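File shown: query-v7.csv. Contents: CSV, C-alpha atoms and all ligand atoms.
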```csv
chain,number,residue,atom,x,y,z
A,1,MET,CA,104.5,204.5,155.5
A,2,GLU,CA,101.3,202.8,154.5
A,3,ILE,CA,97.9,204.0,155.7
A,4,ILE,CA,95.5,201.1,156.0
A,5,THR,CA,91.8,201.4,156.7
A,6,THR,CA,90.3,197.9,156.5
A,7,PRO,CA,91.0,194.7,158.5
A,8,SER,CA,91.6,192.6,155.3
A,9,GLU,CA,94.2,195.0,154.0
A,10,MET,CA,95.8,195.1,157.4
A,11,GLN,CA,95.9,191.3,157.6
A,12,ARG,CA,97.5,191.2,154.1
A,13,TRP,CA,100.2,193.7,155.2
A,14,SER,CA,100.9,191.7,158.4
A,15,ARG,CA,101.1,188.3,156.6
A,16,ALA,CA,103.6,189.8,154.1
A,17,HIS,CA,105.8,191.0,156.9
A,18,ARG,CA,105.6,187.9,159.0
A,19,SER,CA,106.7,185.6,156.3
A,20,GLY,CA,110.2,184.4,156.8
A,21,ALA,CA,111.8,185.8,160.0
A,22,GLY,CA,109.8,189.0,160.1
A,23,ARG,CA,108.3,190.1,163.4
A,24,VAL,CA,105.5,192.5,163.6
A,25,GLY,CA,105.3,195.0,166.5
A,26,PHE,CA,102.1,196.9,167.3
A,27,VAL,CA,101.2,200.1,169.2
A,28,PRO,CA,97.5,200.7,169.5
A,29,THR,CA,96.5,204.4,170.2
A,30,MET,CA,93.6,206.7,170.1
A,31,GLY,CA,95.7,209.4,168.3
A,32,ALA,CA,96.4,212.9,169.5
A,33,LEU,CA,99.9,211.5,169.7
A,34,HIS,CA,102.5,212.8,172.2
A,35,GLU,CA,105.9,211.8,173.3
A,36,GLY,CA,104.5,208.9,175.4
A,37,HIS,CA,103.0,207.3,172.3
A,38,LEU,CA,106.2,208.0,170.3
A,39,HIS,CA,108.3,206.3,173.0
A,40,LEU,CA,106.1,203.2,172.7
A,41,MET,CA,106.6,203.3,168.9
A,42,ARG,CA,110.4,203.7,169.2
A,43,THR,CA,110.5,200.8,171.8
A,44,ALA,CA,108.4,198.7,169.4
A,45,ARG,CA,111.2,199.1,166.8
A,46,GLU,CA,113.6,197.4,169.2
A,47,HIS,CA,111.4,194.3,169.3
A,48,ALA,CA,110.2,194.0,165.7
A,49,SER,CA,111.3,194.2,162.1
A,50,ALA,CA,108.1,196.0,161.0
A,51,VAL,CA,105.9,198.2,163.3
A,52,ALA,CA,102.3,199.1,162.9
A,53,ALA,CA,100.4,201.7,165.0
A,54,SER,CA,96.7,202.1,165.1
A,55,ILE,CA,94.8,205.4,165.4
A,56,PHE,CA,91.2,204.8,166.4
A,57,VAL,CA,89.0,206.6,168.9
A,58,ASN,CA,87.0,203.7,170.1
A,59,PRO,CA,83.4,204.7,171.0
A,60,LEU,CA,82.9,201.4,172.9
A,61,GLN,CA,85.3,202.4,175.7
A,62,PHE,CA,83.8,205.8,176.4
A,63,ASN,CA,81.2,205.9,179.1
A,64,ARG,CA,80.6,209.7,178.6
A,65,ARG,CA,79.4,211.0,175.3
A,66,ASP,CA,81.0,214.4,175.8
A,67,ASP,CA,84.4,212.8,176.5
A,68,PHE,CA,84.1,211.0,173.2
A,69,ASP,CA,82.9,214.0,171.3
A,70,THR,CA,85.7,216.3,172.6
A,71,TYR,CA,88.5,213.8,172.3
A,72,PRO,CA,91.1,215.5,170.1
A,73,ARG,CA,91.6,214.0,166.6
A,74,PRO,CA,94.5,215.8,164.8
A,75,MET,CA,94.9,213.1,162.2
A,76,ASP,CA,97.3,214.9,159.9
A,77,ASP,CA,99.7,215.8,162.7
A,78,ASP,CA,99.4,212.2,164.0
A,79,LEU,CA,100.3,210.7,160.6
A,80,ALA,CA,103.4,213.0,160.4
A,81,LEU,CA,104.5,212.0,163.9
A,82,CYS,CA,104.1,208.2,163.0
A,83,GLU,CA,106.2,208.8,159.9
A,84,SER,CA,108.9,210.7,162.0
A,85,VAL,CA,109.5,207.7,164.2
A,86,GLY,CA,109.6,205.2,161.4
A,87,ILE,CA,106.2,203.5,161.7
A,88,ASP,CA,105.7,201.2,158.7
A,89,ALA,CA,101.9,201.1,158.7
A,90,VAL,CA,99.2,203.0,160.3
A,91,TYR,CA,95.9,201.2,160.8
A,92,ALA,CA,93.1,203.9,160.9
A,93,PRO,CA,89.7,202.3,160.4
A,94,THR,CA,86.5,204.2,160.6
A,95,ALA,CA,83.9,203.5,163.4
A,96,ALA,CA,81.6,202.1,160.6
A,97,THR,CA,84.3,199.6,159.6
A,98,MET,CA,85.0,198.5,163.2
A,99,TYR,CA,81.4,198.4,164.2
A,100,PRO,CA,79.2,197.9,161.2
A,101,GLU,CA,75.4,197.4,161.6
A,102,GLY,CA,74.7,194.1,163.3
A,103,PHE,CA,77.9,194.1,165.3
A,104,GLU,CA,77.1,192.4,168.7
A,105,THR,CA,80.0,190.3,169.9
A,106,HIS,CA,82.1,191.6,172.8
A,107,VAL,CA,85.1,190.3,174.9
A,108,GLU,CA,84.3,190.4,178.6
A,109,PRO,CA,87.2,191.2,181.0
A,110,GLY,CA,87.4,189.3,184.3
A,111,SER,CA,87.9,190.7,187.9
A,112,LEU,CA,91.0,192.7,186.9
A,113,GLY,CA,88.6,195.1,185.2
A,114,ASP,CA,86.3,195.5,188.2
A,115,PRO,CA,88.0,198.1,190.5
A,116,MET,CA,89.1,201.7,189.9
A,117,GLU,CA,88.7,202.5,186.2
A,118,GLY,CA,86.2,199.7,185.8
A,119,ALA,CA,84.1,200.8,188.8
A,120,MET,CA,84.2,204.5,187.8
A,121,ARG,CA,83.7,204.0,184.0
A,122,PRO,CA,81.1,201.2,183.6
A,123,GLY,CA,81.7,199.2,180.4
A,124,HIS,CA,85.1,200.8,179.8
A,125,PHE,CA,87.2,197.7,179.9
A,126,ARG,CA,84.7,195.7,177.9
A,127,GLY,CA,85.2,198.3,175.2
A,128,VAL,CA,88.9,198.1,175.6
A,129,THR,CA,89.2,194.3,175.4
A,130,THR,CA,86.8,194.2,172.5
A,131,VAL,CA,88.6,196.8,170.4
A,132,VAL,CA,92.1,195.4,171.3
A,133,THR,CA,91.0,192.0,170.2
A,134,LYS,CA,89.7,193.4,166.9
A,135,LEU,CA,92.9,195.4,166.4
A,136,PHE,CA,95.0,192.3,167.2
A,137,ASN,CA,93.0,190.2,164.7
A,138,ALA,CA,93.6,192.8,162.0
A,139,VAL,CA,97.2,193.5,162.7
A,140,GLN,CA,98.2,190.0,163.9
A,141,PRO,CA,101.3,191.2,165.8
A,142,ASP,CA,104.0,189.1,167.4
A,143,VAL,CA,104.4,191.8,170.1
A,144,ALA,CA,102.3,194.7,171.3
A,145,LEU,CA,103.3,197.5,173.5
A,146,PHE,CA,101.2,199.3,176.1
A,147,GLY,CA,101.9,202.1,178.6
A,148,GLN,CA,102.2,201.6,182.3
A,149,LYS,CA,100.4,205.0,182.5
A,150,ASP,CA,97.2,202.9,182.0
A,151,TYR,CA,98.3,200.3,184.6
A,152,GLN,CA,94.9,198.6,184.9
A,153,GLN,CA,94.5,198.4,181.1
A,154,LEU,CA,97.9,196.8,180.8
A,155,ALA,CA,96.9,194.2,183.4
A,156,VAL,CA,93.6,193.5,181.7
A,157,ILE,CA,95.2,193.1,178.3
A,158,ARG,CA,98.0,190.9,179.6
A,159,ARG,CA,95.4,188.6,181.2
A,160,MET,CA,93.2,188.6,178.1
A,161,THR,CA,96.1,187.5,175.8
A,162,ILE,CA,96.9,184.7,178.1
A,163,ASP,CA,93.3,183.6,178.7
A,164,LEU,CA,92.4,183.7,175.0
A,165,ASP,CA,95.6,182.0,173.8
A,166,MET,CA,96.4,185.0,171.6
A,167,GLY,CA,100.1,184.2,171.5
A,168,ILE,CA,101.1,187.8,171.5
A,169,GLU,CA,103.9,189.1,173.7
A,170,ILE,CA,102.7,192.1,175.7
A,171,ILE,CA,105.4,194.7,176.7
A,172,GLY,CA,104.6,197.4,179.3
A,173,VAL,CA,106.5,200.6,178.9
A,174,PRO,CA,107.2,203.1,181.7
A,175,THR,CA,105.2,206.4,181.8
A,176,VAL,CA,106.7,209.4,180.0
A,177,ARG,CA,106.3,212.6,181.9
A,178,GLU,CA,106.5,216.4,181.4
A,179,PRO,CA,109.5,218.1,183.1
A,180,ASP,CA,107.3,218.9,186.1
A,181,GLY,CA,106.2,215.3,186.5
A,182,LEU,CA,102.7,215.4,184.9
A,183,ALA,CA,102.2,212.2,182.9
A,184,LEU,CA,101.7,212.9,179.2
A,185,SER,CA,98.2,212.3,178.1
A,186,SER,CA,96.1,213.3,175.1
A,187,ARG,CA,93.6,214.8,177.5
A,188,ASN,CA,96.3,217.3,178.8
A,189,ARG,CA,95.7,219.5,175.8
A,190,ARG,CA,92.1,220.1,177.0
A,191,LEU,CA,93.3,221.5,180.3
A,192,THR,CA,93.1,225.3,180.8
A,193,PRO,CA,96.4,226.9,181.6
A,194,GLU,CA,95.3,227.2,185.3
A,195,ASP,CA,94.3,223.6,185.4
A,196,ARG,CA,97.5,222.5,183.7
A,197,ALA,CA,99.5,224.2,186.3
A,198,ALA,CA,97.4,222.7,189.1
A,199,ALA,CA,97.6,219.2,187.6
A,200,VAL,CA,101.2,218.9,188.8
A,201,ALA,CA,99.6,218.1,192.2
A,202,VAL,CA,98.9,214.5,190.8
A,203,PRO,CA,102.5,213.4,190.4
A,204,VAL,CA,103.5,215.4,193.5
A,205,ALA,CA,100.9,213.5,195.5
A,206,LEU,CA,101.9,210.1,194.2
A,207,THR,CA,105.6,210.9,194.7
A,208,ALA,CA,104.9,211.9,198.3
A,209,ALA,CA,103.3,208.5,198.9
A,210,LEU,CA,106.1,206.7,197.2
A,211,ARG,CA,108.6,208.6,199.4
A,212,ALA,CA,106.6,207.8,202.5
A,213,TYR,CA,106.6,204.1,201.5
A,214,ARG,CA,110.4,204.2,200.9
A,215,ALA,CA,110.8,205.8,204.4
A,216,GLY,CA,109.1,202.8,205.9
A,217,GLU,CA,105.4,203.5,205.8
A,218,ALA,CA,103.6,200.2,204.8
A,219,SER,CA,100.0,201.0,205.5
A,220,GLY,CA,98.0,201.3,202.3
A,221,ARG,CA,95.4,203.5,203.9
A,222,THR,CA,98.1,205.9,205.3
A,223,LEU,CA,99.8,206.1,201.9
A,224,GLU,CA,96.5,206.9,200.2
A,225,GLN,CA,95.8,209.5,202.8
A,226,CYS,CA,99.2,211.1,202.3
A,227,ALA,CA,98.5,211.5,198.5
A,228,THR,CA,94.8,212.5,199.1
A,229,GLU,CA,95.8,215.3,201.5
A,230,ILE,CA,98.2,216.9,198.9
A,231,LEU,CA,95.4,216.7,196.3
A,232,ALA,CA,92.9,218.2,198.7
A,233,ALA,CA,95.2,221.2,199.2
A,234,GLU,CA,94.8,222.0,195.4
A,235,PRO,CA,91.5,223.7,195.1
A,236,ARG,CA,91.2,223.0,191.3
A,237,ALA,CA,91.5,219.2,191.8
A,238,ARG,CA,88.6,217.0,192.5
A,239,VAL,CA,89.7,213.5,193.6
A,240,GLU,CA,87.8,210.5,192.2
A,241,TYR,CA,90.0,207.9,193.8
A,242,VAL,CA,93.4,207.3,195.3
A,243,GLN,CA,94.1,203.6,195.7
A,244,VAL,CA,97.0,201.4,196.8
A,245,PHE,CA,96.7,197.9,195.3
A,246,ASP,CA,98.5,194.6,194.7
A,247,ALA,CA,100.4,195.0,191.4
A,248,ASN,CA,99.3,191.6,190.1
A,249,THR,CA,95.7,191.1,191.4
A,250,LEU,CA,94.8,194.8,191.5
A,251,VAL,CA,93.1,194.1,194.8
A,252,SER,CA,93.2,197.0,197.3
A,253,ILE,CA,95.6,196.1,200.2
A,254,ASP,CA,96.1,197.2,203.8
A,255,ARG,CA,99.8,196.3,204.0
A,256,VAL,CA,102.3,197.0,201.3
A,257,ASP,CA,104.3,193.8,201.7
A,258,ARG,CA,104.4,192.8,198.0
A,259,PRO,CA,104.8,194.5,194.6
A,260,SER,CA,102.2,197.3,194.7
A,261,VAL,CA,101.0,200.4,192.9
A,262,ILE,CA,99.4,203.6,194.0
A,263,ALA,CA,97.0,205.0,191.4
A,264,ALA,CA,94.8,208.1,191.2
A,265,ALA,CA,92.0,209.6,189.1
A,266,VAL,CA,91.6,213.3,189.5
A,267,TRP,CA,89.4,215.9,187.7
A,268,PHE,CA,90.5,219.3,186.7
A,269,GLY,CA,87.4,221.1,185.2
A,270,ASP,CA,85.9,218.6,182.8
A,271,VAL,CA,89.1,216.8,182.2
A,272,ARG,CA,89.7,213.5,184.1
A,273,LEU,CA,93.4,212.5,184.5
A,274,ILE,CA,94.8,209.2,185.7
A,275,ASP,CA,98.3,208.4,186.9
A,276,ASN,CA,100.1,205.8,189.0
A,277,MET,CA,103.4,204.9,190.5
A,278,LEU,CA,104.9,201.5,191.4
A,279,LEU,CA,105.8,201.3,195.1
A,280,ASP,CA,109.2,199.8,194.7
B,301,LIG,P1,95.8,206.2,174.3
B,301,LIG,O1,96.0,206.9,173.0
B,301,LIG,O2,95.6,207.2,175.4
B,301,LIG,O3,94.7,205.1,174.2
B,301,LIG,O4,97.2,205.5,174.6
B,301,LIG,C1,97.7,204.6,173.7
B,301,LIG,C2,98.9,203.9,174.4
B,301,LIG,O5,99.8,204.9,174.9
B,301,LIG,C3,98.4,203.2,175.7
B,301,LIG,O6,99.1,201.9,175.8
B,301,LIG,C4,98.8,204.1,176.8
B,301,LIG,O7,99.1,203.5,178.0
B,301,LIG,C5,100.1,204.7,176.2
B,301,LIG,N1,100.4,206.0,176.9
B,301,LIG,C6,99.6,207.0,177.0
B,301,LIG,N2,100.2,208.0,177.7
B,301,LIG,C7,101.5,207.5,178.0
B,301,LIG,C8,102.6,208.1,178.7
B,301,LIG,N3,102.6,209.3,179.2
B,301,LIG,N4,103.7,207.3,178.7
B,301,LIG,C9,103.8,206.1,178.2
B,301,LIG,N5,102.7,205.5,177.5
B,301,LIG,C10,101.6,206.2,177.4
```

Translate this structure into structure tokens?
Ligand code: AMP
Amino acid sequence: MEIITTPSEMQRWSRAHRSGAGRVGFVPTMGALHEGHLHLMRTAREHASAVAASIFVNPLQFNRRDDFDTYPRPMDDDLALCESVGIDAVYAPTAATMYPEGFETHVEPGSLGDPMEGAMRPGHFRGVTTVVTKLFNAVQPDVALFGQKDYQQLAVIRRMTIDLDMGIEIIGVPTVREPDGLALSSRNRRLTPEDRAAAVAVPVALTAALRAYRAGEASGRTLEQCATEILAAEPRARVEYVQVFDANTLVSIDRVDRPSVIAAAVWFGDVRLIDNMLLD
């Protein structure tokens, strides 16, 4: 496994692997790897002959300094995990390499970046689209994989690759969960044991809404209320939003009469968790 730290080296690696019939797969991450990331990496292998993963905690997409500062960075463990799933190259640039003095060009997301995470974390998606564009330009993948866990991010990136003619296939991968249903997240490791136990309320609440939908409830507001009430019964949870929205436009909807999603952002102590489920 090669460890690469500069865009020019990364581009050279990619060019070498794309010559002939080679297909480069790419999994961008911020590290603190867990089974969700590893699942993306294994899936990438099914779609590509060489797979690169990136590990970069992107300062541009954090709207809170403390969240950036406390984000876990277990680099040695991460490299060992990449190696264990057969990653061919890890791209791990420094912040100074990604954003040298004088850096000033950004990629601006459209309306898909406005609601939910975009509304609650100003500048977040601009940071995401900018860093993903830079990572794409360095890795030059044929196919890139993203988790449905970050549903809005996946939608924003799909749109960006189409709008900017990037010619990269984007694959969304279902959320990997703990046995009790909690979505795996690098931030879970910052939960206290009490908050970790309480955080199961998030998938429980979303599942309750999904069940209500399957039982015939089609009112977006009622489904949101169903999930919100369960979260409200958990004293350690502070709900930021629970929203039912159109799976394609991400616009909040009153009637669930098309492919839709219910998503939530919930705080436990100083840790903010997000999760979602398709209403199918
Ligand atoms: P992150 O390191 O949190 O930026 O995540 C890197 C990639 O892993 C993103 O595409 C995430 O959507 C994806 N991811 C994070 N958690 C999970 C999970 N539990 N299941 C599947 N994919 C995930």

Within 10 Å of ligand LIG 301 (chain B) (all atoms listed in the file), residues as JSON, numbers by chain: {"A": [27, 28, 29, 30, 31, 32, 33, 34, 35, 36, 37, 38, 39, 40, 41, 53, 54, 55, 56, 57, 58, 61, 128, 144, 145, 146, 147, 148, 149, 150, 151, 152, 153, 154, 157, 171, 172, 173, 174, 175, 176, 177, 178, 182, 183, 184, 185, 186, 187, 274, 275]}

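Taking atom CA of Gln11 of chain A as the reference point, atom CA of Ala138 of chain A is found at 5.2 Å.
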
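Put simply, atom CA of Asp66 of chain A is 15.6 Å away from atom CA of Arg189 of chain A.
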
Between atom CA of Val156 of chain A and atom CA of Gly110 of chain A, distance in Å (one decimal):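 Atom CA of Gly110 of chain A lies 7.9 Å from atom CA of Val156 of chain A.
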
Counting only C-alpha atoms, the option among A:Glu9, A:Ala201, A:Leu135, A:Ala212 closest to Ala233 of chain A: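 The shortest atom-to-atom distance to Ala233 of chain A comes from A:Ala201.
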
Proximity to Arg42 of chain A - best of A:Ala21, A:Leu81, A:Met75, A:Ala247, all atoms listed in the file: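 When distances to Arg42 of chain A are compared using all atoms listed in the file, the smallest one comes from A:Leu81.
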
Test item: residues at most 12 Å from Val143 of chain A, all atoms listed in the file, excluding those fewer than 3 positions along its chain, as number ranges by chain: A: 18, 22-28, 40-41, 43-53, 136, 139-140, 146, 158, 161, 166-172

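Taking only C-alpha atoms into account, Met277 of chain A lies nearest to A:Val244 out of the set A:Val244, A:Met116, A:Cys82, A:Cys226.
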
Counting all atoms listed in the file, the residue of A:Val200, A:Leu278, A:Met98, A:Val271 that sits nearest Asn188 of chain A: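 Residue with the minimum atom-to-atom distance to Asn188 of chain A: A:Val271.
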